[in-house]
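Peer 1: Please find one structure pasted underneath; my questions will follow.
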Amino acid sequence: MFFLMLRQSFFRGRRRKALATLTIVLSASLITALMNVSIDVGDKMAREMKSYGANINMVPKSEAIPLEIGGVDYNPLKDRVFINESDLPKIKEIFWHNNIAGFAPFLKTTVEIAGNAKKRINLIGTNFDRQIPIAGDDEFRTGVKVVFPYWQVKGEWPGDEEPAGILAGAALARDLGLKPGDRLTVKGAGDTGREESFVVKGILTTGGAEESALVAPLAVVQRLAGMEGKVQSVSVSALTVPEDKLSRKARQSNDSLDSMEYDRWYCTAYVSSITHQIEEAIPNVTARPIWQVAAGEGAVVNKIQLLMIVVTIAAFIASGLGISSLMATTIMERSREIGLMKALGAADWEVYLLFLSESAFVGVIGGLLGCLAGAGLSQIIGLSIFGSYVSFSPIVVPVNVAVSVLIALSGSLMPSRLITKLYPAEVLHGRR
Amino acid sequence: MAGDKGAKITKREMFLRILLKSLKVRKNRVFITFFSIMIGAAIITALASVYFDISAKMSRELRAYGANFFIGPASASGNRTVDTGTIGEAVKMVPPEKLAGASPYVYGVVRLDLGNAVLAGVDFAGLKRLSPYWQVEGKWITVDFDDESCMIGKTLAKNMELKVGDSVTVIRNETGFQKSLIIKGIAETGQAEDEQIFVSLPLAQKILGMEGKANHAMLSIVTEGTDIDALAATVAGKFPVLDAKPIRKVSSSEGKILEKIKGLMAIVAVIILTITTLCVMTTLITVVSERTREIGLMKAIGADDREIVRQFIAETLLIGVAGVAAGLVVGFILAQVLGQAVFGSSISFRMIVLPVTLIPSVAASLLAAVLPVRMAVRVVPAQVLKED
Amino acid sequence: MAKIVLETKVLTKRYGSVTPLDSIDMQVKGGEWVAIMGPSGSGKTTMLNLLSLLDSPTEGEYILDGVGTATLTEKERVAVRREKIGLVFQQFHLVSYLTALENVMLAQYYHSMVDKGDAMEALERVGLEHRTDHLPSQLSGGEQQRVCIARALINQPAIIMADEPTGNLDEANEEVVLELFKELHREGRTIIMVTHNPELAEFADRVVRLHHGKVVKDA
């Protein structure tokens, strides 16, 4: 009988109930979308933060302290140690290889411009946008274009495979009066120096020391400096999670972690665990976080995540109250029916049971449909803001359904109580 | 009763009387309507306030990335140094509330106990605000005129086997200057600073024999509402000896990030606006459609459609305006709570929030009132009245 | 003889396949008291709804006071109802948040001018001068019905239409209401009353009996 009544009352007031269900569906879908986005916003913003450039710097292990001021080396004669270019693909083979967004090797040498022997300038060799053979990822392209998205080129980028293309730093170009398309011949330092002829493809603005240097494909600089297969440093751009207590503890000393903490640290994409893994993978290098990027990123990502969470909670409360008042009005509307039920001998709890199970039903249906719609909506948000899909967190579904039901119930409870308290006669005669 | 005879009541008075009675006697419903409109308006106000303040707030947060502006000697002049006085004047051109931190730098090579290193003279107070990302073991030097202490880069410390609290002797061959300094802190940045030793600017100038000179200065400027390229042009124009430029790595990324955050907030705000408008509308629709019988009765005793619509709109408008007014107040308080929770600072009130809140709230309320009334009005009164 | 105020020709109402009212031809003269009787479902209420312009017929013609109603707009129908007809319902139908006096004044308000004195007089006439400031929920059924009658009278309509006016009342109240109708009849108002109470029908000039939507007897 109870189920018959439930079914009948559900289908009788179909239009109103449809309105209530629709509201819950829409609210739940929006909340689902918000929850999804706020769970994923950390990853998404971390990716956006890659525009700040590399967050890990990799150099050869060396006892020597470089004495460099403003790009000028005061200690050039020191014996230098180098990294083998052939070791670089190993960066993409570490535990967190999926989080390595890109890397760019650097080799710097001093050259003279032919016909201007006094002018000594830095020639930087690097990859611009080069395909690197990586096991399991045939399409991996990397270079300064990926790692330093803020580098600005007026003219065009040279190709990695054309040895004659070169970028001139903006400050240098101003000093020497260079324009895209100009030809330039440089001579390697020392008496044995070879000469190379280049075409300036573009003028480079970075706001850093590169502005007073020439930037050429790595292979050319290696040949010119007589250091085939060698690089001096590698800038790595990795997707990381913000620092927390564990990673700070790990930084003081790896030994201070017990084995469980160590596993957790190792398997979390902290910048420190990624540098650790790079050092494991490639012998004789030191990988250091560039704290300007790593720490700044952590601070900003944490802020945005907090913002999204707080806003989602606010939305939750708002829609909760909104749905509560909607449920309250739908119940109030049916006070006559409640009066009649009581007049026919229904106990209070039976009245509650009918109305609350109805609300719960509306809540479950609304919550489930809402999750479905919300999953779609969060993808629209992800695509429109970040240009990529938002990962769907399954946790959102039970949370949302439970909360929808809870909200629908709490909204129904208050007015049901108000009305059941009345005498049936009062309600039936419209004395509500 | 005789005294009442001939007591005329104008149509307007009667209209108001019906209106007030309807509000007074139907307290529960009126309260729920008011409440849902208030919640809606409050949420919209709070979010709009946060949204319009988000650029200001986030661009301050983005200062975590450190310096975004560089001032150095003009390359044409051939000088490698500038007067600290000139730098000070140039820094003053940045509005103080936009300047998050600034420090001049002077560099030179010195000999330490175990080898050579680059020595940098800085303004520590400014540096700490300029570079919040420095990972410091030990302590920052906080006093500018401290000429007994130094900070040292991590790699340098490791290679020279130095720890916090050790003392290190700094020797400058060219000037013959020699001084023993206590290491207050070891800094790690992952960049060139890791191999340098830091002392206060006056001390560095004395050690290096470069009194009154600096190599360059770094500034951290809040960019919201500031055109940093225009600032660079003004500074360079006013001081021809200076080269002023934004540090692209930081300044151009900042714009991109801010845009993303604003976009995100905009979408979120629109979503929440939709939710709340929807909830308010459905609540109102339910409240009004409950009264179809009343509408039928009014029609039966001679009210025409306009009359009924007018009464319901007036009623909703009254509750709506009260609800929105209360919502504005509550929403502004809510915005402050959000601001404190996320940014640790208050959200400023902007006039634009008013229309942004008022228009959707009132429009939603009216629409929500008109839709069911129109539906009810179209119903043939006989059908409504017959229902018991 | 008095002129005809109300005339129907083949008046028919259909809801899908159901025909609650089938080809009614009827004439009512000014000042006449007509009782419409019949068992439940015979079409009494439907007929009254059509006569009071609360509903429109599927077929047929209805002439009220010399005016054909078929071509009237909804607005004009409301105006006609306001001017010429006073309605009394079985379920009273008062606006729940207005007092007795205000409910009467509401009809004035929609009609033309609100006059508190007139409204008081109307309530006095139905014997409710001491209950003017009570809400409907504070009034007994009989009192509510009397407020309805006062409201129906307030604009001096030529025709009073009542649907089971005593259907929900006890005997004592029924008596009071009946007296009121007798008085209205003496004043020369046309009364059309749906009822299944033969005692009430006794006082009518004429009884129209309906069965399955057709007039079976008219005398």
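Just so we're on the same page: first chain in the structure tokens is A, next is B, and so on; residues restart at 1 for each chain, and ligands are numbered from 1 in the order they show up.
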What's the 10 Å shell around B:Lys299, counting only C-alpha atoms, without same-chain residues fewer than 6 positions away, as a list in words?
Peer 2: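 These residues fall inside the cut-off: Arg293, Asp305, Glu307, Ile308, Val377, Val380, Pro381 and Ala382 of chain B; Leu54, Val78, Arg81, Arg82 and Tyr110 of chain C.
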Peer 1: Residues of the last selection are to be written out with N, CA and C atoms, as a PDB file, in the first residue's frame.
Peer 2:
```pdb
ATOM      1  N   ARG B 293      -5.789  28.510  -7.746  1.00  0.00           N
ATOM      2  CA  ARG B 293      -7.189  28.558  -7.347  1.00  0.00           C
ATOM      3  C   ARG B 293      -7.609  29.993  -6.997  1.00  0.00           C
ATOM      4  N   ASP B 305      -7.216  40.007 -16.451  1.00  0.00           N
ATOM      5  CA  ASP B 305      -5.864  39.458 -16.395  1.00  0.00           C
ATOM      6  C   ASP B 305      -4.830  40.463 -15.924  1.00  0.00           C
ATOM      7  N   GLU B 307      -5.107  42.976 -14.012  1.00  0.00           N
ATOM      8  CA  GLU B 307      -5.216  43.217 -12.583  1.00  0.00           C
ATOM      9  C   GLU B 307      -4.449  42.150 -11.795  1.00  0.00           C
ATOM     10  N   ILE B 308      -4.669  40.901 -12.191  1.00  0.00           N
ATOM     11  CA  ILE B 308      -4.044  39.782 -11.481  1.00  0.00           C
ATOM     12  C   ILE B 308      -2.535  39.818 -11.657  1.00  0.00           C
ATOM     13  N   VAL B 377      -3.659  32.300 -15.442  1.00  0.00           N
ATOM     14  CA  VAL B 377      -4.649  33.202 -16.001  1.00  0.00           C
ATOM     15  C   VAL B 377      -5.310  32.564 -17.212  1.00  0.00           C
ATOM     16  N   VAL B 380      -9.114  28.120 -17.521  1.00  0.00           N
ATOM     17  CA  VAL B 380     -10.520  28.493 -17.385  1.00  0.00           C
ATOM     18  C   VAL B 380     -10.891  28.393 -15.906  1.00  0.00           C
ATOM     19  N   PRO B 381     -11.433  29.468 -15.326  1.00  0.00           N
ATOM     20  CA  PRO B 381     -11.647  29.478 -13.881  1.00  0.00           C
ATOM     21  C   PRO B 381     -12.486  28.302 -13.407  1.00  0.00           C
ATOM     22  N   ALA B 382     -13.463  27.873 -14.230  1.00  0.00           N
ATOM     23  CA  ALA B 382     -14.343  26.800 -13.798  1.00  0.00           C
ATOM     24  C   ALA B 382     -13.541  25.563 -13.410  1.00  0.00           C
TER      25      ALA B 382
ATOM     26  N   LEU C  54     -17.900  31.319 -16.956  1.00  0.00           N
ATOM     27  CA  LEU C  54     -16.631  30.805 -16.440  1.00  0.00           C
ATOM     28  C   LEU C  54     -16.050  29.805 -17.430  1.00  0.00           C
ATOM     29  N   VAL C  78     -15.040  38.724 -18.916  1.00  0.00           N
ATOM     30  CA  VAL C  78     -14.794  39.130 -17.518  1.00  0.00           C
ATOM     31  C   VAL C  78     -15.646  40.350 -17.188  1.00  0.00           C
ATOM     32  N   ARG C  81     -19.306  39.453 -16.716  1.00  0.00           N
ATOM     33  CA  ARG C  81     -19.480  38.760 -15.442  1.00  0.00           C
ATOM     34  C   ARG C  81     -19.476  39.755 -14.297  1.00  0.00           C
ATOM     35  N   ARG C  82     -18.550  40.694 -14.377  1.00  0.00           N
ATOM     36  CA  ARG C  82     -18.376  41.707 -13.344  1.00  0.00           C
ATOM     37  C   ARG C  82     -19.639  42.554 -13.213  1.00  0.00           C
ATOM     38  N   TYR C 110     -12.606  45.143  -8.169  1.00  0.00           N
ATOM     39  CA  TYR C 110     -12.529  44.710  -9.557  1.00  0.00           C
ATOM     40  C   TYR C 110     -13.639  45.344 -10.391  1.00  0.00           C
TER      41      TYR C 110
END
```
Peer 1: Give me, as a PyMOL selection string, the contact residues of chain B against chain A at a cut-off of 6 Å, counting only C-alpha atoms.
Peer 2: chain B and resi 36+64-65+118+133+189-190+247-249+253+272+275+279+283+342
Peer 1: Return the neighbours of chain B among the residues of chain C, cut-off 8 Å, counting only C-alpha atoms, as a VMD selection string.
Peer 2: chain C and resid 49 54 to 55 75 78 to 79 81 to 82 86 to 87 93 to 95 97 to 98 106 to 107 109 to 111 113 to 118 120 152
Peer 1: Please produce a file of the residues just selected, as a short mmCIF file (atom, residue, chain, number, x, y, z; two decimals), in the first residue's frame, where the atoms kept are C-alpha atoms.
Peer 2:
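Done, and the output landed in out.cif:
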```cif
data_model
loop_
_atom_site.label_atom_id
_atom_site.label_comp_id
_atom_site.auth_asym_id
_atom_site.auth_seq_id
_atom_site.Cartn_x
_atom_site.Cartn_y
_atom_site.Cartn_z
CA ASN C 49 -20.26 27.44 -15.49
CA LEU C 54 -16.63 30.80 -16.44
CA ASP C 55 -16.45 28.34 -19.28
CA LYS C 75 -11.65 40.48 -21.45
CA VAL C 78 -14.79 39.13 -17.52
CA ALA C 79 -16.45 42.54 -17.87
CA ARG C 81 -19.48 38.76 -15.44
CA ARG C 82 -18.38 41.71 -13.34
CA GLY C 86 -23.08 37.61 -8.83
CA LEU C 87 -21.55 34.18 -8.14
CA HIS C 93 -14.00 30.23 -2.33
CA LEU C 94 -12.82 33.20 -0.36
CA VAL C 95 -9.33 34.69 -0.67
CA TYR C 97 -5.52 36.08 3.40
CA LEU C 98 -8.22 38.75 3.23
CA LEU C 106 -12.35 42.87 -3.54
CA ALA C 107 -15.42 42.48 -5.75
CA TYR C 109 -12.34 46.80 -6.40
CA TYR C 110 -12.53 44.71 -9.56
CA HIS C 111 -15.89 46.24 -10.47
CA MET C 113 -14.98 51.92 -6.72
CA VAL C 114 -14.19 50.53 -3.30
CA ASP C 115 -16.71 51.81 -0.76
CA LYS C 116 -16.20 50.49 2.73
CA GLY C 117 -19.64 51.68 3.83
CA ASP C 118 -21.40 49.72 1.11
CA MET C 120 -20.24 46.94 5.59
CA ALA C 152 -22.09 38.44 -4.93
#
```
Peer 1: Restrict the distance test to only C-alpha atoms, flag each residue of chain C within 10 Å of chain A, and return the flagged residues as a count of residues only.
Peer 2: 7
Peer 1: Hey, what does DSSP flag as helix (DSSP H, G or I) within stretch 93-144 of chain C? Can you give it to me as a PyMOL selection string?
Peer 2: chain C and resi 100-111+116-125+129-131+136-138+141-144
Peer 1: Got a sec: who's within 10 Å of A:Gly229, counting only C-alpha atoms, leaving out chain neighbours fewer than 3 positions off, as a count of residues only?
Peer 2: 11
Peer 1: Mind the document's chain letters and residue numbers, and return as a VMD selection string the residues of stretch 159-359 of chain B that DSSP labels strand (DSSP E).
Peer 2: chain B and resid 167 to 172 177 to 188 196 to 200 213 to 214 216 to 221 242 to 246
Peer 1: Residues as selected, N, CA and C atoms, written as a compact mmCIF listing (two decimals), in the first residue's frame, can you do that?
Peer 2:
```
# COMPACT_ATOMS: atom_id res chain seq x y z
N SER B 167 82.18 30.93 10.28
CA SER B 167 82.63 32.23 9.78
C SER B 167 83.51 31.98 8.56
N VAL B 168 83.50 32.97 7.66
CA VAL B 168 84.24 32.82 6.42
C VAL B 168 84.98 34.14 6.17
N THR B 169 86.20 34.03 5.68
CA THR B 169 86.98 35.24 5.43
C THR B 169 86.88 35.61 3.95
N VAL B 170 86.55 36.85 3.72
CA VAL B 170 86.40 37.33 2.34
C VAL B 170 87.59 38.23 2.02
N ILE B 171 88.27 37.90 0.92
CA ILE B 171 89.43 38.72 0.54
C ILE B 171 89.24 39.22 -0.89
N ARG B 172 89.45 40.51 -1.10
CA ARG B 172 89.41 41.05 -2.46
C ARG B 172 90.84 41.43 -2.82
N PHE B 177 91.13 44.30 0.61
CA PHE B 177 90.16 44.27 1.70
C PHE B 177 90.03 42.86 2.23
N GLN B 178 89.93 42.74 3.56
CA GLN B 178 89.82 41.42 4.16
C GLN B 178 88.89 41.51 5.35
N LYS B 179 87.90 40.62 5.42
CA LYS B 179 86.97 40.68 6.54
C LYS B 179 86.40 39.30 6.81
N SER B 180 86.20 39.02 8.10
CA SER B 180 85.63 37.73 8.48
C SER B 180 84.14 37.92 8.75
N LEU B 181 83.30 37.07 8.12
CA LEU B 181 81.84 37.23 8.24
C LEU B 181 81.21 35.95 8.77
N ILE B 182 80.11 36.13 9.52
CA ILE B 182 79.37 34.97 10.05
C ILE B 182 78.30 34.57 9.03
N ILE B 183 78.15 33.27 8.75
CA ILE B 183 77.12 32.82 7.81
C ILE B 183 75.79 32.71 8.53
N LYS B 184 74.85 33.57 8.16
CA LYS B 184 73.54 33.59 8.80
C LYS B 184 72.61 32.55 8.17
N GLY B 185 72.73 32.40 6.86
CA GLY B 185 71.81 31.49 6.19
C GLY B 185 72.40 30.92 4.92
N ILE B 186 71.93 29.73 4.53
CA ILE B 186 72.35 29.12 3.27
C ILE B 186 71.13 29.09 2.35
N ALA B 187 71.32 29.66 1.16
CA ALA B 187 70.17 29.83 0.26
C ALA B 187 70.25 28.87 -0.90
N GLU B 188 69.07 28.38 -1.32
CA GLU B 188 69.03 27.51 -2.49
C GLU B 188 67.99 28.07 -3.46
N GLN B 196 76.88 31.82 -5.17
CA GLN B 196 77.31 33.17 -4.80
C GLN B 196 77.26 33.37 -3.30
N ILE B 197 77.93 34.45 -2.86
CA ILE B 197 77.89 34.82 -1.45
C ILE B 197 77.27 36.21 -1.38
N PHE B 198 76.34 36.40 -0.42
CA PHE B 198 75.57 37.65 -0.36
C PHE B 198 75.90 38.43 0.90
N VAL B 199 76.20 39.73 0.71
CA VAL B 199 76.40 40.63 1.85
C VAL B 199 75.57 41.88 1.59
N SER B 200 75.49 42.74 2.61
CA SER B 200 74.70 43.97 2.42
C SER B 200 75.38 44.87 1.40
N LYS B 213 78.04 52.55 -6.19
CA LYS B 213 77.73 51.97 -7.50
C LYS B 213 76.96 50.64 -7.34
N ALA B 214 76.22 50.32 -8.36
CA ALA B 214 75.56 49.01 -8.42
C ALA B 214 75.59 48.53 -9.86
N HIS B 216 73.09 46.45 -11.25
CA HIS B 216 71.72 46.60 -11.75
C HIS B 216 70.77 46.49 -10.56
N ALA B 217 69.49 46.61 -10.84
CA ALA B 217 68.48 46.43 -9.80
C ALA B 217 67.38 45.54 -10.35
N MET B 218 66.76 44.77 -9.44
CA MET B 218 65.61 43.94 -9.81
C MET B 218 64.39 44.44 -9.06
N LEU B 219 63.25 44.47 -9.74
CA LEU B 219 62.03 44.95 -9.11
C LEU B 219 60.92 43.91 -9.28
N SER B 220 60.06 43.88 -8.28
CA SER B 220 58.89 43.02 -8.37
C SER B 220 57.67 43.94 -8.31
N ILE B 221 56.94 44.03 -9.44
CA ILE B 221 55.87 45.01 -9.56
C ILE B 221 54.54 44.30 -9.76
N LEU B 242 70.03 54.70 -18.07
CA LEU B 242 69.50 53.43 -17.60
C LEU B 242 68.86 52.63 -18.73
N ASP B 243 68.94 51.31 -18.57
CA ASP B 243 68.23 50.40 -19.45
C ASP B 243 67.17 49.73 -18.57
N ALA B 244 65.89 50.00 -18.83
CA ALA B 244 64.83 49.43 -18.01
C ALA B 244 64.00 48.51 -18.87
N LYS B 245 63.76 47.29 -18.41
CA LYS B 245 62.97 46.36 -19.24
C LYS B 245 62.28 45.31 -18.36
N PRO B 246 61.13 44.85 -18.81
CA PRO B 246 60.47 43.77 -18.08
C PRO B 246 61.24 42.47 -18.28
```
Peer 1: Tell me which protein, DNA and RNA residues are within 9 Å of stretch 40-53 of chain B, counting only C-alpha atoms, leaving out same-chain ones fewer than 3 positions away, and put them as a ChimeraX atom specification.
Peer 2: /A:311,314-315,318-319,322 /B:35-37,56-58,262,265-266,268-269,272-273,275-277,279-280,323-336,338-339,347-350,352-354,356-358,360-361
Peer 1: Env of A:Gly136: 12 Å cut, atoms = only C-alpha atoms, seq-sep filter 2 positions within chain, self excluded. Answer as a PyMOL selection string.
Peer 2: chain A and resi 89+92-93+97-98+132-134+138-140
Peer 1: Restricted to C-alpha atoms, what would the selected residues look like written as a PDB file, in the first residue's frame?
Peer 2:
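The result, stored in selection21.pdb:
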```pdb
ATOM      1  CA  PRO A  89      66.557  10.433 -23.500  1.00  0.00           C
ATOM      2  CA  LYS A  92      62.060  10.454 -20.278  1.00  0.00           C
ATOM      3  CA  GLU A  93      62.525   7.007 -18.746  1.00  0.00           C
ATOM      4  CA  HIS A  97      58.438  10.227 -17.246  1.00  0.00           C
ATOM      5  CA  ASN A  98      54.877  11.275 -18.101  1.00  0.00           C
ATOM      6  CA  ILE A 132      63.880  12.904 -29.679  1.00  0.00           C
ATOM      7  CA  PRO A 133      63.609   9.119 -30.023  1.00  0.00           C
ATOM      8  CA  ILE A 134      62.021   7.851 -26.821  1.00  0.00           C
ATOM      9  CA  ASP A 138      57.559   8.298 -31.134  1.00  0.00           C
ATOM     10  CA  GLU A 139      56.194  11.788 -31.254  1.00  0.00           C
ATOM     11  CA  PHE A 140      58.109  13.351 -28.385  1.00  0.00           C
TER      12      PHE A 140
END
```
Peer 1: Determine, counting only C-alpha atoms, which protein, DNA and RNA residues have an atom within 12 Å of an atom of stretch 206-216 of chain C; residues of the same chain fewer than 4 positions away are not included. Present the result as a PyMOL selection string.
Peer 2: chain C and resi 10-14+18-29+31-47+190-202
Peer 1: Dump N, CA and C atoms for the selected residues as a short mmCIF file (atom, residue, chain, number, x, y, z; two decimals), in the first residue's frame?
Peer 2:
```cif
data_model
loop_
_atom_site.label_atom_id
_atom_site.label_comp_id
_atom_site.auth_asym_id
_atom_site.auth_seq_id
_atom_site.Cartn_x
_atom_site.Cartn_y
_atom_site.Cartn_z
N VAL C 10 -29.34 25.20 -28.25
CA VAL C 10 -28.54 23.99 -28.51
C VAL C 10 -27.19 24.04 -27.78
N LEU C 11 -27.18 24.54 -26.56
CA LEU C 11 -25.93 24.71 -25.82
C LEU C 11 -25.35 23.32 -25.50
N THR C 12 -24.11 23.11 -25.94
CA THR C 12 -23.47 21.79 -25.77
C THR C 12 -22.05 21.96 -25.27
N LYS C 13 -21.66 21.11 -24.33
CA LYS C 13 -20.25 21.10 -23.88
C LYS C 13 -19.73 19.68 -24.00
N ARG C 14 -18.55 19.55 -24.60
CA ARG C 14 -17.94 18.23 -24.71
C ARG C 14 -16.53 18.26 -24.15
N VAL C 18 -16.77 12.61 -23.80
CA VAL C 18 -17.82 12.81 -22.80
C VAL C 18 -18.61 14.07 -23.15
N THR C 19 -19.91 13.98 -23.05
CA THR C 19 -20.74 15.16 -23.30
C THR C 19 -21.58 15.47 -22.06
N PRO C 20 -21.03 16.25 -21.14
CA PRO C 20 -21.77 16.53 -19.91
C PRO C 20 -23.02 17.39 -20.16
N LEU C 21 -23.03 18.10 -21.25
CA LEU C 21 -24.18 18.96 -21.52
C LEU C 21 -24.53 18.83 -23.00
N ASP C 22 -25.79 18.47 -23.28
CA ASP C 22 -26.14 18.13 -24.65
C ASP C 22 -27.35 18.93 -25.13
N SER C 23 -27.15 19.86 -26.03
CA SER C 23 -28.21 20.61 -26.71
C SER C 23 -29.29 21.15 -25.77
N ILE C 24 -28.87 22.09 -24.93
CA ILE C 24 -29.83 22.69 -23.99
C ILE C 24 -30.49 23.91 -24.65
N ASP C 25 -31.82 23.93 -24.65
CA ASP C 25 -32.55 25.13 -25.08
C ASP C 25 -33.31 25.64 -23.87
N MET C 26 -33.06 26.85 -23.48
CA MET C 26 -33.68 27.35 -22.26
C MET C 26 -33.81 28.86 -22.35
N GLN C 27 -34.88 29.39 -21.72
CA GLN C 27 -35.05 30.83 -21.65
C GLN C 27 -35.35 31.18 -20.20
N VAL C 28 -34.77 32.27 -19.71
CA VAL C 28 -35.05 32.72 -18.34
C VAL C 28 -35.49 34.17 -18.42
N LYS C 29 -36.62 34.48 -17.75
CA LYS C 29 -37.12 35.86 -17.80
C LYS C 29 -36.56 36.64 -16.62
N GLY C 31 -36.23 38.47 -13.22
CA GLY C 31 -36.91 38.31 -11.95
C GLY C 31 -37.33 36.90 -11.65
N GLU C 32 -37.03 35.99 -12.57
CA GLU C 32 -37.41 34.60 -12.36
C GLU C 32 -36.40 33.90 -11.45
N TRP C 33 -36.88 32.95 -10.63
CA TRP C 33 -35.99 32.11 -9.82
C TRP C 33 -36.05 30.72 -10.42
N VAL C 34 -34.91 30.30 -11.02
CA VAL C 34 -34.88 28.99 -11.67
C VAL C 34 -33.98 28.06 -10.86
N ALA C 35 -34.48 26.90 -10.54
CA ALA C 35 -33.66 25.89 -9.86
C ALA C 35 -33.28 24.84 -10.88
N ILE C 36 -31.99 24.52 -10.95
CA ILE C 36 -31.55 23.46 -11.85
C ILE C 36 -31.27 22.24 -10.98
N MET C 37 -31.95 21.15 -11.23
CA MET C 37 -31.80 19.96 -10.39
C MET C 37 -31.41 18.76 -11.23
N GLY C 38 -31.01 17.75 -10.53
CA GLY C 38 -30.62 16.54 -11.23
C GLY C 38 -29.62 15.78 -10.40
N PRO C 39 -29.44 14.48 -10.70
CA PRO C 39 -28.48 13.69 -9.93
C PRO C 39 -27.04 14.13 -10.24
N SER C 40 -26.11 13.60 -9.43
CA SER C 40 -24.69 13.92 -9.66
C SER C 40 -24.31 13.54 -11.08
N GLY C 41 -23.52 14.37 -11.72
CA GLY C 41 -23.04 14.04 -13.06
C GLY C 41 -24.06 14.31 -14.14
N SER C 42 -25.15 14.98 -13.80
CA SER C 42 -26.16 15.24 -14.82
C SER C 42 -25.85 16.49 -15.62
N GLY C 43 -24.79 17.22 -15.23
CA GLY C 43 -24.39 18.39 -16.01
C GLY C 43 -24.79 19.72 -15.40
N LYS C 44 -25.26 19.70 -14.12
CA LYS C 44 -25.72 20.93 -13.48
C LYS C 44 -24.62 22.00 -13.40
N THR C 45 -23.49 21.56 -12.81
CA THR C 45 -22.41 22.52 -12.59
C THR C 45 -21.84 23.02 -13.92
N THR C 46 -21.72 22.11 -14.88
CA THR C 46 -21.23 22.51 -16.20
C THR C 46 -22.12 23.58 -16.78
N MET C 47 -23.40 23.38 -16.62
CA MET C 47 -24.35 24.34 -17.18
C MET C 47 -24.18 25.70 -16.52
N THR C 190 -32.94 38.16 -10.80
CA THR C 190 -33.03 36.85 -11.43
C THR C 190 -32.09 35.92 -10.66
N ILE C 191 -32.58 34.74 -10.32
CA ILE C 191 -31.73 33.79 -9.58
C ILE C 191 -31.67 32.48 -10.35
N ILE C 192 -30.46 32.00 -10.58
CA ILE C 192 -30.32 30.66 -11.15
C ILE C 192 -29.52 29.86 -10.15
N MET C 193 -30.13 28.80 -9.64
CA MET C 193 -29.51 28.08 -8.54
C MET C 193 -29.44 26.59 -8.87
N VAL C 194 -28.23 26.04 -8.80
CA VAL C 194 -28.07 24.60 -8.96
C VAL C 194 -28.22 23.98 -7.59
N THR C 195 -29.03 22.95 -7.46
CA THR C 195 -29.20 22.31 -6.16
C THR C 195 -29.72 20.90 -6.36
N HIS C 196 -29.51 20.07 -5.35
CA HIS C 196 -30.21 18.78 -5.39
C HIS C 196 -31.13 18.68 -4.16
N ASN C 197 -31.33 19.82 -3.52
CA ASN C 197 -32.16 19.88 -2.33
C ASN C 197 -33.58 20.28 -2.72
N PRO C 198 -34.54 19.36 -2.66
CA PRO C 198 -35.91 19.65 -3.10
C PRO C 198 -36.56 20.76 -2.27
N GLU C 199 -36.18 20.86 -0.99
CA GLU C 199 -36.75 21.92 -0.14
C GLU C 199 -36.43 23.30 -0.72
N LEU C 200 -35.22 23.43 -1.21
CA LEU C 200 -34.78 24.71 -1.77
C LEU C 200 -35.53 24.98 -3.07
N ALA C 201 -35.71 23.91 -3.83
CA ALA C 201 -36.34 24.04 -5.14
C ALA C 201 -37.80 24.46 -5.01
N GLU C 202 -38.40 24.14 -3.86
CA GLU C 202 -39.80 24.51 -3.65
C GLU C 202 -40.04 26.00 -3.85
#
```
Peer 1: Expressed in Å to a single decimal, how great is the separation between atom CA of C:Ile4 and atom CA of C:Tyr62?
Peer 2: 12.3 Å
Peer 1: Could you tell me which of C:Asp218, C:Glu179, C:Asp205, C:Glu7 comes closest to C:Thr69 if we count only C-alpha atoms?
Peer 2: C:Glu7
